[in-house]
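In what follows, a single structure is set out as structure tokens and then discussed.
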Amino acid sequence: MKITNVEPYGVWDEQRGRNFLFVVVDTDEGISGVGESGLTGRELAVMGAIEHFKPLLVGQDPACIEHLWQFLFRGGFFPAERVLGSAISAIDIALWDIKGKALGVPIYELLGGRVRDRVVCYPHNVGHSMDVGSLVESCLKTKEEGWKFVRWGLPQDGQLLEPRPSVLASIEQFRAVREAVGDEIEICFDVHTRLDLPDALWLCREVEQFHPFFVEDPLRSENPDSFKTLRGRTGVPLAAGEQFSSKWEFRQLIEEEWIDYARIDLCIAGGFTEARKIAGWCETHYIKLAVHNPLGPVSTAACLQLNLATSNFGVQEQPRRPDETLSDVVPVQPAWRDGYLLPPTAPGLGIEFDREAARKHPFRMTELHHLRRLDGSFTNW
């Protein structure tokens, strides 16, 4: 079997107001695989990387996944980071999809087989508003639907984010949500890299009493050393890693045991090939996976396959039920029931990708949100 084509599909989702980037790899035996890229807001850069990779891949054996991963990651002399890493991720997922289809088994069988019967996941509740009432209403709604988790993020005032009001609002939201949903529902909270160390430490200490499942990205990711100080001064479980593009960027957080949950993004950090290595490394330090999945149906299917076969699994991010996103482009998606994703039985990723439907939703130039402080300076979204 040989690769004959590698084609990216930038797909605009009108309902979500954002793009998704999928990649299809074709072979001369008529078996195709699909992957997804995770670098939201910079899809054209990733599509450019895929154009560079295409002539290197055509004619190659798609079964040689590890070899092709190493070739793409290191073959341009400069080691791959987020842009190239996101392109490699999409291609890698597609190659695993091809291998599963060629052998007639789901990908989790290629990863050692299932270690669980279903995968628990958490939704996205009402976004980053300062309001308490709408958040509580959203959390109660997801609890009634069967979700076992709730999740929201550090609140902001429109496009304005000042740390002190945001932290105070977060504490009040934590109190209200815990009282509303009870102790049986887990709470995940995403700071989204918006705070500096003093404010992150203040927040983490104050919310310990509400027993969150984890506090995610309390600090920016550029300097992992900052987690050393934070880890030693709070007992709240910490999650990080969604912005990392390889095992090398995870190294310090894992080795020093500064996090409790690794937020691996399969669509940025190198696909199945790299995620499995990071997961094994985490296992030696008793760190669980909480895969980053704010993306589309292909990412959801890939994360599910990984989590079904990974013993040190914690929870899968799942903003909404799978069939609520691009159901025309991906007409067969993983099944969800009572807060869990269920194992697919079809080979490969267990999904279907409709290229013609994808072409009906062409890419649109768009930009992520931007926040500012009271003085007009830029701050992280």
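Note on naming: chains are A, B, ... as they come in the structure tokens, residues start from 1 per chain, ligands start from 1 in the order shown.
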Self-check item: Shell around range 139-152 of chain A at 12 Å using only C-alpha atoms, local window under 3 positions removed, as a PyMOL selection string
Solution: chain A and resi 119-136+155-156+170+173-174+176-192+212-216+314-321+336-341
Exercise. May I have the residues within 10 Å of range 52-62 of chain A as a ChimeraX atom specification, using only C-alpha atoms and disregarding those fewer than 4 positions away in the same chain?
Key: /A:1-7,25-28,33,46-48,66-68,71-72,75-76,84,87-88,91-92,94-96,98-99
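Closest approach to Leu326 in chain A from the set A:Gly241, A:Pro347, A:Gly296, A:Gly35 is made by A:Gly296, with distances taken over only C-alpha atoms.
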Which residues of range 211-260 of chain A come within 8 Å of range 267-280 of chain A, and for each one, what is the closest pair of atoms and their distance in Å to one decimal, counting only C-alpha atoms, sorted by chain and residue number, as CSV?
```
residue,atom,partner,partner_atom,distance
A:Gln243,CA,A:Ile268,CA,7.7
A:Phe244,CA,A:Ala269,CA,6.2
A:Ser245,CA,A:Ala269,CA,3.9
A:Ser246,CA,A:Ala269,CA,4.8
A:Lys247,CA,A:Ile278,CA,5.6
A:Phe250,CA,A:Ile278,CA,7.6
```
Kindly export the residues of the current selection with C-alpha atoms, as a short mmCIF file (atom, residue, chain, number, x, y, z; two decimals), in the first residue's frame.
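Final file, again.cif:
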```cif
data_model
loop_
_atom_site.label_atom_id
_atom_site.label_comp_id
_atom_site.auth_asym_id
_atom_site.auth_seq_id
_atom_site.Cartn_x
_atom_site.Cartn_y
_atom_site.Cartn_z
CA GLN A 243 -0.49 24.16 24.42
CA PHE A 244 2.40 21.69 24.24
CA SER A 245 3.42 20.19 20.91
CA SER A 246 5.59 17.24 21.95
CA LYS A 247 6.79 15.04 24.81
CA PHE A 250 5.81 17.93 28.88
#
```
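Here CA of Ile254 in chain A stands at a distance of 6.2 Å from CA of Cys282 in chain A.
The closest residue to Pro163 in chain A, picked from A:Glu208, A:Glu29, A:Asp199, A:Glu137 and counting only C-alpha atoms, is A:Asp199.
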Exercise. Please give the complete set of residues from range 66-191 of chain A that DSSP, run on the backbone, assigns to strand (DSSP E), formatted as a list in words.
Key: Val119, Val120, Cys121, Tyr122, Phe149, Val150, Arg151, Trp152, Gly153, Glu186, Ile187, Cys188, Phe189 and Asp190 of chain A
Quiz item: For Lys228 in chain A, which residue among A:Glu257, A:Glu356, A:Glu242, A:Asp97 is the nearest when counting only C-alpha atoms?
Solution: A:Glu257
Quiz item: Of the candidates A:Gly348, A:Pro343, A:Pro237, A:Pro8, which shows the shortest atom-to-atom distance to Glu36 in chain A, using only C-alpha atoms?
Solution: A:Pro8
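Among the candidates A:Val236, A:Leu295, A:Val330, A:Leu253, the one nearest to Thr40 in chain A when counting only C-alpha atoms is A:Leu295.
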Quiz item: So how many Å separate CA of Gln305 in chain A and CA of Thr193 in chain A, to one decimal?
Solution: 28.1 Å
Self-check item: Separation of CA of Leu371 in chain A from CA of Leu161 in chain A, in Å and rounded to one decimal
Solution: 6.5 Å
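Using only C-alpha atoms, the smallest distance between any of A:Gly100, A:Gly113, A:Gly232, A:Pro334 and Ser32 in chain A comes from A:Gly100.
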